[in-house]
Structure formats: C-alpha cells, structure tokens
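With compact mmCIF, C-alpha atoms and all ligand atoms inside, this is run.txt:
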# COMPACT_ATOMS: atom_id res chain seq x y z
CA MET P 127 77.56 100.39 105.58
CA VAL P 128 80.84 101.00 107.33
CA THR P 129 83.08 97.99 107.79
CA MET P 130 85.62 99.73 110.02
CA ASP P 131 85.00 100.67 113.63
CA ILE P 132 85.13 104.45 113.54
CA THR P 133 84.53 104.95 117.26
CA LYS P 134 88.23 105.55 117.94
CA LEU P 135 88.39 108.14 115.17
CA ARG P 136 85.44 110.01 116.66
CA GLU P 137 86.88 109.85 120.17
CA LYS P 138 90.23 111.15 118.96
CA PHE P 139 88.68 114.06 117.12
CA LYS P 140 86.71 115.06 120.22
CA SER P 141 89.67 114.76 122.57
CA LEU P 142 92.02 116.71 120.26
CA TYR P 143 89.74 119.49 119.13
CA GLY P 144 87.00 119.52 121.79
CA THR P 145 84.16 119.33 119.29
CA GLU P 146 82.59 117.08 116.66
CA GLY P 147 83.18 117.20 112.92
CA VAL P 148 81.61 115.49 109.93
CA LEU P 149 82.63 112.03 108.72
CA TYR P 150 83.56 111.09 105.17
CA THR P 151 84.96 107.98 103.54
CA SER P 152 86.51 106.95 100.24
CA PRO P 153 87.55 103.41 99.27
CA GLY P 154 90.51 101.56 97.86
CA ARG P 155 90.08 99.66 94.61
CA VAL P 156 90.67 96.44 92.75
CA ASN P 157 91.36 96.28 89.04
CA ILE P 158 90.25 93.20 87.10
CA ILE P 159 92.51 93.83 84.12
CA GLY P 160 94.31 96.70 82.36
CA GLU P 161 97.48 97.49 84.29
CA HIS P 162 99.88 100.37 83.53
CA THR P 163 97.52 101.33 80.74
CA ASP P 164 96.00 104.43 82.37
CA TYR P 165 98.93 106.82 81.90
CA ASN P 166 99.17 105.53 78.34
CA GLY P 167 95.61 106.62 77.55
CA GLY P 168 94.31 103.03 77.49
CA PHE P 169 91.47 101.38 79.38
CA VAL P 170 91.14 100.08 82.94
CA LEU P 171 88.47 98.02 84.71
CA PRO P 172 88.54 98.92 88.41
CA GLY P 173 85.92 98.67 91.13
CA ALA P 174 85.81 100.37 94.55
CA ILE P 175 86.04 97.99 97.49
CA ASP P 176 84.90 97.65 101.08
CA LYS P 177 88.26 98.81 102.47
CA ALA P 178 88.50 102.55 102.77
CA MET P 179 90.02 105.67 104.29
CA TYR P 180 87.94 107.72 106.70
CA CYS P 181 88.18 111.26 107.97
CA GLU P 182 86.41 113.44 110.44
CA ILE P 183 86.78 117.09 109.58
CA LYS P 184 85.68 120.57 110.70
CA PRO P 185 86.71 124.04 109.52
CA ASN P 186 88.54 125.81 112.37
CA GLY P 187 88.28 129.45 111.33
CA THR P 188 92.07 129.89 110.99
CA SER P 189 94.45 129.59 108.04
CA LYS P 190 96.06 126.47 109.50
CA VAL P 191 95.38 122.76 109.19
CA ARG P 192 95.66 120.60 112.29
CA ALA P 193 95.84 116.97 111.20
CA PHE P 194 96.14 113.68 113.07
CA ALA P 195 96.83 110.24 111.58
CA LEU P 196 95.22 107.80 113.99
CA ASP P 197 96.86 104.64 112.65
CA LEU P 198 100.34 106.19 112.91
CA ASP P 199 99.61 108.12 116.11
CA GLU P 200 101.17 111.23 114.54
CA SER P 201 100.06 114.82 114.36
CA CYS P 202 101.01 117.57 111.94
CA GLU P 203 100.17 121.24 111.65
CA PHE P 204 100.69 123.20 108.46
CA GLY P 205 99.67 126.35 106.60
CA LEU P 206 98.01 126.43 103.22
CA GLU P 207 100.62 128.30 101.17
CA GLU P 208 102.97 126.53 98.75
CA ALA P 209 105.92 127.04 101.13
CA ASP P 210 104.11 125.26 103.97
CA LYS P 211 104.59 121.70 102.64
CA PRO P 212 104.77 119.36 105.64
CA GLN P 213 107.53 116.81 106.29
CA GLN P 214 105.40 113.71 106.81
CA GLN P 215 104.32 111.92 103.64
CA TRP P 216 100.77 111.24 104.90
CA ALA P 217 100.29 114.95 105.57
CA CYS P 218 101.51 115.78 102.05
CA TYR P 219 98.46 113.98 100.64
CA ILE P 220 96.19 116.34 102.59
CA PHE P 221 98.31 119.41 101.87
CA GLY P 222 98.54 118.55 98.15
CA VAL P 223 94.76 118.29 97.80
CA CYS P 224 94.36 121.74 99.42
CA ARG P 225 97.01 123.23 97.13
CA GLU P 226 95.56 121.67 93.98
CA MET P 227 92.13 123.07 94.89
CA ALA P 228 93.66 126.52 95.39
CA LYS P 229 95.42 126.26 92.00
CA ARG P 230 91.99 125.66 90.46
CA GLY P 231 90.78 128.96 91.92
CA LYS P 232 89.00 127.49 94.96
CA PRO P 233 91.20 127.83 98.04
CA VAL P 234 90.11 126.16 101.27
CA GLN P 235 90.40 127.69 104.75
CA GLY P 236 91.95 126.09 107.84
CA PHE P 237 90.42 122.92 109.27
CA ASP P 238 90.91 120.19 111.83
CA ILE P 239 91.03 116.61 110.65
CA VAL P 240 91.63 113.06 111.93
CA ILE P 241 92.27 110.31 109.40
CA SER P 242 92.19 106.53 109.69
CA GLY P 243 91.51 103.57 107.45
CA ASP P 244 91.62 99.87 106.72
CA VAL P 245 93.12 99.85 103.22
CA PRO P 246 96.39 97.94 103.64
CA LEU P 247 99.32 100.26 102.84
CA GLY P 248 101.55 99.43 99.88
CA ALA P 249 99.41 96.45 98.89
CA GLY P 250 98.34 97.71 95.47
CA MET P 251 94.87 98.63 96.72
CA SER P 252 95.36 102.39 96.45
CA SER P 253 95.48 103.55 100.02
CA SER P 254 96.95 106.90 99.00
CA ALA P 255 94.30 107.56 96.34
CA ALA P 256 91.65 106.65 98.92
CA LEU P 257 93.08 109.26 101.28
CA GLU P 258 93.30 111.96 98.59
CA SER P 259 89.75 111.22 97.46
CA CYS P 260 88.41 111.17 101.01
CA VAL P 261 90.02 114.52 101.87
CA GLY P 262 89.04 116.01 98.50
CA PHE P 263 85.44 114.91 98.85
CA ALA P 264 85.27 116.20 102.43
CA LEU P 265 86.77 119.62 101.64
CA ASN P 266 84.56 119.98 98.57
CA ASP P 267 81.51 119.43 100.75
CA GLN P 268 82.63 121.44 103.79
CA PHE P 269 83.67 124.51 101.80
CA ASP P 270 80.99 124.09 99.12
CA LEU P 271 83.53 124.19 96.28
CA LYS P 272 81.37 122.45 93.67
CA PHE P 273 84.05 120.28 92.13
CA GLY P 274 82.60 117.26 90.30
CA ARG P 275 83.78 113.72 91.08
CA MET P 276 86.04 113.57 88.03
CA GLU P 277 87.67 116.88 89.00
CA LEU P 278 88.23 115.52 92.50
CA ALA P 279 89.94 112.50 90.97
CA LEU P 280 92.16 114.77 88.88
CA ILE P 281 92.98 116.81 92.00
CA GLY P 282 94.06 113.60 93.74
CA GLN P 283 96.20 112.56 90.77
CA ALA P 284 97.83 116.01 90.61
CA THR P 285 98.56 115.73 94.34
CA GLU P 286 100.53 112.53 93.65
CA HIS P 287 102.39 114.18 90.78
CA ASN P 288 103.20 117.48 92.42
CA TYR P 289 103.48 116.72 96.14
CA CYS P 290 104.26 113.00 96.45
CA GLY P 291 106.60 112.28 93.55
CA VAL P 292 104.55 109.57 91.78
CA LYS P 293 103.60 110.24 88.16
CA CYS P 294 100.57 107.97 88.44
CA GLY P 295 97.66 107.58 86.04
CA ILE P 296 94.05 108.39 86.89
CA MET P 297 92.71 104.90 87.66
CA ASP P 298 92.97 104.84 91.45
CA GLN P 299 91.54 108.26 92.24
CA PHE P 300 88.89 107.78 89.57
CA ALA P 301 87.76 104.47 91.09
CA SER P 302 87.79 105.82 94.62
CA CYS P 303 85.63 108.82 93.65
CA ASN P 304 83.21 107.09 91.25
CA GLY P 305 82.78 103.56 92.61
CA LYS P 306 79.32 102.00 92.72
CA GLU P 307 78.22 98.95 94.70
CA GLY P 308 78.15 95.83 92.52
CA TYR P 309 79.68 97.52 89.47
CA LEU P 310 83.07 97.74 87.85
CA MET P 311 83.92 100.77 85.74
CA GLN P 312 85.35 100.52 82.27
CA LEU P 313 87.25 103.78 81.93
CA ASP P 314 88.77 105.17 78.77
CA CYS P 315 91.75 107.00 80.27
CA ARG P 316 92.23 109.17 77.16
CA SER P 317 88.73 110.67 76.97
CA LEU P 318 87.80 109.96 80.62
CA ASP P 319 84.49 108.51 79.38
CA PHE P 320 83.38 105.53 81.42
CA LYS P 321 80.58 103.06 81.85
CA TYR P 322 79.44 101.00 84.80
CA VAL P 323 79.65 97.26 84.15
CA PRO P 324 77.71 94.94 86.48
CA PHE P 325 80.07 92.49 88.13
CA ASN P 326 78.48 89.25 89.10
CA PRO P 327 80.70 86.35 88.07
CA LYS P 328 78.26 83.59 88.95
CA GLY P 329 79.99 80.50 90.27
CA TYR P 330 83.28 82.33 90.88
CA LYS P 331 84.85 84.23 93.73
CA VAL P 332 87.43 86.98 93.50
CA VAL P 333 90.08 86.94 96.18
CA LEU P 334 93.20 88.99 96.83
CA LEU P 335 96.31 87.38 98.23
CA ASN P 336 98.62 89.96 99.76
CA THR P 337 102.28 88.93 99.60
CA CYS P 338 102.87 91.36 102.48
CA VAL P 339 105.88 92.57 100.54
CA THR P 340 105.11 96.27 100.46
CA HIS P 341 105.94 98.48 97.58
CA ASN P 342 106.73 102.15 97.52
CA LEU P 343 105.90 103.56 94.12
CA ALA P 344 107.75 106.73 95.05
CA GLY P 345 110.83 104.49 94.90
CA GLY P 346 111.15 105.59 91.29
CA GLU P 347 110.62 102.36 89.32
CA TYR P 348 107.05 103.36 88.51
CA ASN P 349 108.13 106.72 87.09
CA LEU P 350 110.84 104.95 85.05
CA ARG P 351 108.18 102.74 83.42
CA ARG P 352 106.21 105.80 82.47
CA ALA P 353 109.32 107.49 81.02
CA SER P 354 110.04 104.39 78.87
CA CYS P 355 106.55 104.60 77.39
CA GLU P 356 106.93 108.31 76.67
CA ARG P 357 110.26 107.81 74.87
CA VAL P 358 108.69 105.20 72.59
CA VAL P 359 105.76 107.52 71.83
CA GLU P 360 108.24 110.24 70.88
CA ALA P 361 110.01 107.87 68.46
CA ILE P 362 106.76 106.65 66.87
CA ALA P 363 105.38 110.21 66.59
CA LYS P 364 108.24 111.16 64.27
CA ARG P 365 106.63 108.92 61.65
CA HIS P 366 103.04 109.11 62.92
CA PRO P 367 102.42 112.57 64.36
CA GLU P 368 98.88 111.56 65.36
CA VAL P 369 100.34 109.26 68.03
CA LYS P 370 100.28 111.15 71.33
CA LEU P 371 100.05 108.17 73.69
CA LEU P 372 100.75 104.43 73.37
CA ARG P 373 96.98 103.98 73.11
CA ASP P 374 97.23 105.57 69.66
CA ALA P 375 99.94 103.15 68.50
CA ASP P 376 99.83 99.53 67.35
CA LEU P 377 102.41 96.76 67.25
CA ALA P 378 103.26 97.49 63.60
CA MET P 379 104.17 101.09 64.46
CA LEU P 380 106.26 99.85 67.35
CA GLU P 381 108.07 97.45 65.03
CA GLU P 382 109.05 100.36 62.76
CA VAL P 383 111.06 102.02 65.55
CA LYS P 384 112.54 98.81 66.94
CA ASN P 385 116.09 99.79 66.01
CA GLU P 386 115.70 103.37 67.18
CA VAL P 387 114.56 102.80 70.74
CA ASP P 388 116.23 101.19 73.71
CA PRO P 389 115.38 97.45 73.78
CA VAL P 390 114.03 97.72 77.32
CA ASP P 391 111.74 100.60 76.29
CA TYR P 392 110.62 98.52 73.32
CA THR P 393 109.59 95.58 75.49
CA ARG P 394 107.78 97.86 77.96
CA ALA P 395 105.79 99.49 75.14
CA GLU P 396 105.00 96.09 73.66
CA PHE P 397 103.46 95.04 76.96
CA VAL P 398 101.30 98.18 77.12
CA ILE P 399 99.97 97.87 73.57
CA GLU P 400 99.15 94.21 74.17
CA GLU P 401 97.58 94.95 77.55
CA ILE P 402 95.21 97.55 76.11
CA GLN P 403 93.93 94.93 73.67
CA ARG P 404 93.81 92.27 76.40
CA LEU P 405 91.47 94.45 78.42
CA LEU P 406 89.13 94.94 75.46
CA ASP P 407 89.12 91.18 74.83
CA ALA P 408 88.41 90.47 78.51
CA CYS P 409 85.54 92.97 78.53
CA SER P 410 83.89 91.34 75.50
CA ALA P 411 84.28 87.96 77.18
CA MET P 412 82.72 89.30 80.36
CA GLU P 413 79.70 90.55 78.44
CA LYS P 414 79.14 86.94 77.42
CA ASP P 415 79.73 85.67 80.97
CA ASP P 416 82.77 83.88 79.59
CA TYR P 417 84.95 84.03 82.69
CA GLU P 418 87.24 81.28 81.44
CA THR P 419 88.49 83.71 78.78
CA VAL P 420 88.69 86.56 81.31
CA GLY P 421 90.86 84.29 83.46
CA LYS P 422 93.19 83.43 80.55
CA LYS P 423 93.63 87.14 79.87
CA MET P 424 94.50 87.71 83.53
CA TYR P 425 97.27 85.13 83.29
CA GLY P 426 98.44 86.90 80.13
CA THR P 427 98.61 90.16 82.05
CA HIS P 428 100.68 88.57 84.78
CA GLU P 429 103.11 87.06 82.31
CA GLY P 430 103.52 90.46 80.62
CA LEU P 431 103.87 92.39 83.87
CA SER P 432 106.44 89.90 85.11
CA LYS P 433 108.55 89.27 81.99
CA LYS P 434 108.10 92.37 79.84
CA TYR P 435 107.17 95.20 82.18
CA GLU P 436 109.24 93.77 85.04
CA VAL P 437 107.09 94.95 87.92
CA SER P 438 106.60 91.59 89.62
CA CYS P 439 108.71 89.98 92.35
CA PRO P 440 109.43 86.37 93.44
CA GLU P 441 106.60 86.37 95.98
CA LEU P 442 104.01 87.48 93.39
CA ASP P 443 105.31 85.03 90.79
CA PHE P 444 105.14 82.25 93.35
CA LEU P 445 101.46 82.94 94.09
CA ASN P 446 100.71 83.19 90.39
CA ASP P 447 102.40 79.86 89.62
CA LEU P 448 100.57 78.26 92.50
CA ALA P 449 97.22 79.56 91.25
CA LYS P 450 97.91 78.16 87.80
CA ALA P 451 98.98 74.77 89.17
CA SER P 452 95.86 74.66 91.35
CA GLY P 453 93.46 75.19 88.45
CA VAL P 454 92.49 78.75 89.41
CA THR P 455 90.67 80.40 86.50
CA GLY P 456 92.67 83.65 86.45
CA SER P 457 95.41 85.24 88.53
CA ARG P 458 97.78 88.17 88.24
CA VAL P 459 99.63 90.89 90.09
CA MET P 460 97.31 93.83 90.73
CA GLY P 461 98.13 97.54 90.70
CA GLY P 462 101.54 99.13 90.25
CA GLY P 463 103.43 95.97 91.22
CA PHE P 464 106.78 95.40 93.01
CA GLY P 465 104.85 93.66 95.81
CA GLY P 466 101.31 93.86 97.09
CA CYS P 467 98.55 91.52 95.98
CA THR P 468 97.59 89.02 93.35
CA ILE P 469 93.97 89.12 92.26
CA ASN P 470 92.47 85.68 91.68
CA LEU P 471 89.34 84.59 89.90
CA VAL P 472 88.50 81.23 91.50
CA LYS P 473 85.69 78.76 90.91
CA ALA P 474 83.54 78.79 94.05
CA GLU P 475 84.08 75.08 94.70
CA LEU P 476 87.86 75.50 94.55
CA TYR P 477 88.01 78.57 96.77
CA ASP P 478 88.53 76.95 100.20
CA SER P 479 91.14 74.45 99.10
CA PHE P 480 93.04 77.02 97.03
CA VAL P 481 93.20 79.61 99.80
CA LYS P 482 94.34 77.01 102.32
CA LYS P 483 96.99 75.68 99.97
CA ALA P 484 98.22 79.18 99.09
CA ILE P 485 98.66 80.13 102.74
CA GLU P 486 100.53 76.93 103.58
CA ALA P 487 102.78 76.86 100.53
CA TYR P 488 103.60 80.57 100.75
CA GLU P 489 104.52 80.34 104.41
CA LYS P 490 106.70 77.31 103.76
CA GLN P 491 108.53 79.16 100.99
CA PHE P 492 108.93 82.63 102.51
CA GLY P 493 108.53 82.14 106.26
CA PHE P 494 105.44 84.32 106.66
CA LYS P 495 101.79 84.11 105.70
CA PRO P 496 100.05 86.01 102.91
CA LYS P 497 96.90 87.92 103.85
CA VAL P 498 93.58 87.01 102.23
CA TYR P 499 90.83 89.47 101.31
CA ASP P 500 87.54 88.59 99.64
CA VAL P 501 86.66 91.23 97.07
CA VAL P 502 83.42 93.10 97.76
CA ILE P 503 82.56 95.89 95.31
CA LYS P 504 81.21 98.96 97.09
CA ASP P 505 80.37 102.65 96.63
CA GLY P 506 82.90 105.43 96.08
CA ALA P 507 83.56 108.62 98.09
CA ARG P 508 80.70 109.74 100.32
CA LYS P 509 79.59 111.49 103.47
CA LEU P 510 78.65 109.16 106.32
C1 LIG P 601 99.26 102.49 90.37
C2 LIG P 601 98.92 103.85 89.78
C3 LIG P 601 97.81 103.76 88.75
C4 LIG P 601 98.13 102.68 87.70
C5 LIG P 601 98.56 101.38 88.38
C6 LIG P 601 99.01 100.36 87.39
O1 LIG P 601 98.18 101.98 91.09
O2 LIG P 601 98.52 104.75 90.81
O3 LIG P 601 97.61 105.00 88.14
O4 LIG P 601 99.08 103.13 86.80
O5 LIG P 601 99.59 101.58 89.33
O6 LIG P 601 97.99 100.00 86.55

Give the structure from this file in structure tokens form.
Amino acid sequence: MVTMDITKLREKFKSLYGTEGVLYTSPGRVNIIGEHTDYNGGFVLPGAIDKAMYCEIKPNGTSKVRAFALDLDESCEFGLEEADKPQQQWACYIFGVCREMAKRGKPVQGFDIVISGDVPLGAGMSSSAALESCVGFALNDQFDLKFGRMELALIGQATEHNYCGVKCGIMDQFASCNGKEGYLMQLDCRSLDFKYVPFNPKGYKVVLLNTCVTHNLAGGEYNLRRASCERVVEAIAKRHPEVKLLRDADLAMLEEVKNEVDPVDYTRAEFVIEEIQRLLDACSAMEKDDYETVGKKMYGTHEGLSKKYEVSCPELDFLNDLAKASGVTGSRVMGGGFGGCTINLVKAELYDSFVKKAIEAYEKQFGFKPKVYDVVIKDGARKL
C-alpha cells in the first residue's frame, strides 16, 4: 500500500523525459531504543514506517544522470565519475550511491530519475537513508547488479560517509532496506546479525511528536560524538587490546581510564555502554510483554541522551517532561538528536488527552505546534 499520492511524481517524470519509468520506494524508520549505539557496535531496535521516499527511474542510454527533486522543484544533471559530484546535497545522495556501487565493481549507466517523499526532513526519521535505500534498490533492480539488502544498506551508509559528510552508523539504511510490516528488527551492529521481533504492544499506542526544530547532522556535532567514543576505545585498548568498539567494553574498563581521557569523552562513553545494556533489558522486557519496563528504559535513554550525550534541546526536553508528568509509559528523543521527534509509548486510553495536551502546552511555550505521527510499522525497500 502506498500512503503518498504518487500521481504528481508520475506526471513529472512523463513531462520531463517523455516516457514512463519504474517506481520504487523505501521507508523512513523509528527506533524503539538503542540510540548512538550502532557506530559503537551495539544493538538497535528499529522498524520501517509508513512514511517513505519514492522514485521513478529509467536508464537513458547515456553516461549522464538527469535527476529531479519534486518536493524542492529542482533539477540536477551529473556524470558518474568521481569528479562529477553535484552541488546540491539531495543530488549527492543519488551520486554517492552510484559511486559506491562502482567502487564495488558494479558501475551503473546513465538514467533519468524523479524523487519525492513524505518522510519529514531533519525529524530523526531518516529521510536521507530512505532516499539512499530507494535509489540503491532501484538501481540494483534496473541494472541487475545483484547486491543483497545488507550490501545496499552498507552502500547507503558509505554514501553518507564519503559524499555527505556524516559518519553515521548502519541503523537507518539497514532498517529502510530490511523492514517488515508489523516487525521491529533487533540488529547487532557489530556482526550485522539480526532478528525480526513482532511488535504488537497491546493496549498501547506509539506516537511521534515532532518538535519541528530540524537538525542537520552534517553540522558536525554527530561526528564529534563518534570521535569521542573512538578516543575512549583507543585509551581502553591500551590495557585491553580485545576492545575494538565500545560494545566490547564495560563500565569497569571505562573507570580504569577515567583520568586518562577527557571528562566529556568519558561521560559520552558512559552513556553508550549503559545504553547498550538498556536496549538488552528493554528487549527482554518486551519478550514478556512488560511494556512498563520498556517505557522506564525509554525515559532512561532520554535522560542519558540529554544529560550525558548532550544531543537533546529545550523543545525535546519539554516534550519529554510533559510526557512524564502526564503519565505516559515511555518517552525519549529519537534518532541522532538536536531536534526532530520524541517517540512516546502511551496507554491507549491516555492517547487522546496526552496528544491534545502536548500540542497545546508546546504551542504555548514555543509559539508553534508540534506535528503528530502515529507509528505504523511497514515493509522496507521495494518495487511498486
Ligand atoms: C542517526 C544515524 C544513525 C544512528 C542514530 C542515532 O540517525 O544515521 O546511524 O547513529 O543517528 O542512534
């Protein structure tokens, strides 16, 4: 099922290129718990959602890409060699995917493409990963490249690293490529093993509240967090050479290097080690349908992300405090942070009053309304 009206996308493709292409889609994601753990080799618990990026695509028999971003009303034409990197950021996502495929020995030829989507930008729902995954999946199919879904996710991640300046983990692209309706995915980001976990929190609803404060992970703060973690790993590895990622460390090992590392780095690493455990605890609770414990863990994540990892902002903290005061089961900032959404686990009977209260109180405080999205867990990348 497609939730977005793709008629405009189809019309645009036809009017620009005088022909019809093939349609593909790949979704954004939510993450129940496990934040900033992926690039530390820890676990995450994402699910693909009903908001997605879409593209219509057709090989054009040249060595050039003609691309159009419907929602921005912008076009871009570029070649497929390393020197041809386009100016516009949105086009870099497409270009990067092509380049990363070529680096893996499977170059694509020229094509025409129109992109559009309904994943809110900068809201922590992985619009860029959705675009990379959508383009990757489409090119893989059109040029019969035979990349698997996990390879497509890695291609998307490498695109972020090498063409967009964000040293992200694998969670977003993984979720966009592998999502399954009704299921979350518990992913071990060190081994890339994962399992589908049915998500059916009976008696609860999951709702996102978008602060409408947009983040730009390329702004550098995200990469700084990652660098902090890597410095701590380096310090710990001097004593414990088996430690390659924070996943391999524990709080006792961290304590040993307390006087050797920067205090800010120390606190960041402490959050990550605790968060990896918090996810495991939340997953065991979920297996027992114990959503009260899951909710407590979510609050723990928020507290850590806000005070220790410092990726929250006043608007997110406000919504989190409000959730707590309103008796919401669990609430926390979702995704990279610095803006975007809180994810809230709410008892069904509290849902209406909480959402109403959140909208009113938030508007009173900040002068504009938050946006509300009910979470619906859907399939990952696919042809339409
Ligand atoms: C962003 C990144 C992910 C992950 C989250 C935080 O969404 O793209 O890889 O690190 O932030 O959990």

Using all atoms of ligand LIG 601 (chain P) listed in the file and a margin of 4 Å per side, can you give the axis-aligned box centre and edge lengths in Å to one decimal, as AutoDock Vina command-line options?
--center_x 98.6 --center_y 102.5 --center_z 88.8 --size_x 10.0 --size_y 13.0 --size_z 12.5

Judged by all atoms listed in the file, the minimum distance to ligand LIG 601 (chain P) among P:Pro212, P:Gly160, P:Gly222, P:Gly305 is found for P:Gly160

Report the distance between atom CA of P:Ile503 and atom CA of P:Phe273 in Å, rounded to one decimal place.
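Interatomic distance, atom CA of P:Ile503 to atom CA of P:Phe273: 24.6 Å.
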
Give me, as a tab-separated table, each residue of chain P that comes within 9 Å of ligand LIG 601 (chain P), together with its shortest interatomic pair and the distance in Å at one decimal, counting only C-alpha atoms and all ligand atoms, with rows ordered by chain and rising residue number.
residue	atom	partner	partner_atom	distance
P:Asn157	CA	P:LIG601	O6	8.0
P:Ile159	CA	P:LIG601	O6	8.6
P:Gly160	CA	P:LIG601	O6	6.5
P:Glu161	CA	P:LIG601	O6	3.4
P:His162	CA	P:LIG601	O6	3.6
P:Thr163	CA	P:LIG601	O6	6.0
P:Asp164	CA	P:LIG601	O4	5.5
P:Tyr165	CA	P:LIG601	O4	6.1
P:Asn166	CA	P:LIG601	O4	8.8
P:Val170	CA	P:LIG601	O6	7.7
P:Gly250	CA	P:LIG601	O1	6.1
P:Met251	CA	P:LIG601	O1	7.3
P:Ser252	CA	P:LIG601	O1	6.1
P:Ser254	CA	P:LIG601	O2	8.6
P:Ala255	CA	P:LIG601	O2	7.5
P:Gln283	CA	P:LIG601	O3	8.1
P:Glu286	CA	P:LIG601	O2	8.5
P:Val292	CA	P:LIG601	O2	7.8
P:Lys293	CA	P:LIG601	O2	7.9
P:Cys294	CA	P:LIG601	O3	4.2
P:Gly295	CA	P:LIG601	O3	3.3
P:Ile296	CA	P:LIG601	O3	5.1
P:Met297	CA	P:LIG601	O3	4.9
P:Asp298	CA	P:LIG601	O2	5.6
P:Gln299	CA	P:LIG601	O2	7.9
P:Leu343	CA	P:LIG601	C1	7.7
P:Tyr348	CA	P:LIG601	O5	7.7
P:Arg352	CA	P:LIG601	O4	8.8
P:Met460	CA	P:LIG601	O6	7.5
P:Gly461	CA	P:LIG601	C6	4.4
P:Gly462	CA	P:LIG601	O5	3.3
P:Gly463	CA	P:LIG601	O5	7.1

Using only C-alpha atoms, which of the listed residues (P:Thr468, P:Asn288, P:Ser432, P:Thr455) sits closest to P:Lys331?
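Answer, going by the shortest atom-to-atom distance: P:Thr455.
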
Would you list the contacts of P:Ser354 as a ChimeraX atom specification, taking every protein, DNA or RNA residue within 12 Å and counting only C-alpha atoms, but skipping same-chain residues closer than 2 positions in sequence?
/P:162,165-166,347-352,356-361,371-372,387-398,435

Which residue of P:Leu196, P:Ala209, P:Cys315, P:Met424 approaches P:Glu137 most closely, using all atoms listed in the file
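Result for the nearest residue to P:Glu137: P:Leu196.
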
Measure the distance from atom CA of P:Val240 to atom CA of P:Leu335 in Å and round it to one decimal.
29.5 Å

Using only C-alpha atoms for the distances, tell me which of P:Pro367, P:Glu307, P:Ala375, P:Glu429 is nearest to P:Gln403.
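Of the candidates, the smallest distance to P:Gln403 is held by P:Ala375.
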
If I take atom CA of P:Asp505 and atom CA of P:Ser152, how far is one from the other in Å, to one decimal?
8.3 Å

When you get a chance, write out N, CA and C atoms for stretch 268-287 of chain P, as a JSON list (two decimals), in the coordinates of the input.
[["chain", "number", "residue", "atom", "x", "y", "z"],
["P", 268, "GLN", "N", 82.56, 120.50, 102.67],
["P", 268, "GLN", "CA", 82.63, 121.44, 103.79],
["P", 268, "GLN", "C", 82.73, 122.90, 103.33],
["P", 269, "PHE", "N", 83.49, 123.13, 102.27],
["P", 269, "PHE", "CA", 83.67, 124.51, 101.80],
["P", 269, "PHE", "C", 82.82, 124.82, 100.56],
["P", 270, "ASP", "N", 81.93, 123.91, 100.22],
["P", 270, "ASP", "CA", 80.99, 124.09, 99.12],
["P", 270, "ASP", "C", 81.68, 124.55, 97.83],
["P", 271, "LEU", "N", 82.68, 123.76, 97.41],
["P", 271, "LEU", "CA", 83.53, 124.19, 96.28],
["P", 271, "LEU", "C", 82.97, 123.79, 94.92],
["P", 272, "LYS", "N", 82.06, 122.86, 94.91],
["P", 272, "LYS", "CA", 81.37, 122.45, 93.67],
["P", 272, "LYS", "C", 82.28, 121.81, 92.62],
["P", 273, "PHE", "N", 83.30, 121.11, 93.07],
["P", 273, "PHE", "CA", 84.05, 120.28, 92.13],
["P", 273, "PHE", "C", 83.22, 119.02, 91.84],
["P", 274, "GLY", "N", 83.25, 118.53, 90.61],
["P", 274, "GLY", "CA", 82.60, 117.26, 90.30],
["P", 274, "GLY", "C", 83.51, 116.11, 90.69],
["P", 275, "ARG", "N", 82.98, 114.87, 90.65],
["P", 275, "ARG", "CA", 83.78, 113.72, 91.08],
["P", 275, "ARG", "C", 85.02, 113.52, 90.20],
["P", 276, "MET", "N", 84.88, 113.76, 88.90],
["P", 276, "MET", "CA", 86.04, 113.57, 88.03],
["P", 276, "MET", "C", 87.12, 114.61, 88.34],
["P", 277, "GLU", "N", 86.68, 115.84, 88.63],
["P", 277, "GLU", "CA", 87.67, 116.88, 89.00],
["P", 277, "GLU", "C", 88.37, 116.51, 90.31],
["P", 278, "LEU", "N", 87.61, 115.93, 91.24],
["P", 278, "LEU", "CA", 88.23, 115.52, 92.50],
["P", 278, "LEU", "C", 89.27, 114.43, 92.25],
["P", 279, "ALA", "N", 88.96, 113.54, 91.32],
["P", 279, "ALA", "CA", 89.94, 112.50, 90.97],
["P", 279, "ALA", "C", 91.20, 113.13, 90.37],
["P", 280, "LEU", "N", 91.01, 114.10, 89.51],
["P", 280, "LEU", "CA", 92.16, 114.77, 88.88],
["P", 280, "LEU", "C", 92.97, 115.55, 89.91],
["P", 281, "ILE", "N", 92.29, 116.10, 90.91],
["P", 281, "ILE", "CA", 92.98, 116.81, 92.00],
["P", 281, "ILE", "C", 93.84, 115.82, 92.80],
["P", 282, "GLY", "N", 93.29, 114.64, 93.03],
["P", 282, "GLY", "CA", 94.06, 113.60, 93.74],
["P", 282, "GLY", "C", 95.28, 113.17, 92.93],
["P", 283, "GLN", "N", 95.08, 112.98, 91.64],
["P", 283, "GLN", "CA", 96.20, 112.56, 90.77],
["P", 283, "GLN", "C", 97.28, 113.65, 90.76],
["P", 284, "ALA", "N", 96.85, 114.91, 90.64],
["P", 284, "ALA", "CA", 97.83, 116.01, 90.61],
["P", 284, "ALA", "C", 98.58, 116.11, 91.94],
["P", 285, "THR", "N", 97.90, 115.76, 93.02],
["P", 285, "THR", "CA", 98.56, 115.73, 94.34],
["P", 285, "THR", "C", 99.72, 114.73, 94.32],
["P", 286, "GLU", "N", 99.46, 113.53, 93.77],
["P", 286, "GLU", "CA", 100.53, 112.53, 93.65],
["P", 286, "GLU", "C", 101.69, 113.07, 92.82],
["P", 287, "HIS", "N", 101.35, 113.68, 91.69],
["P", 287, "HIS", "CA", 102.39, 114.18, 90.78],
["P", 287, "HIS", "C", 103.22, 115.28, 91.43]]
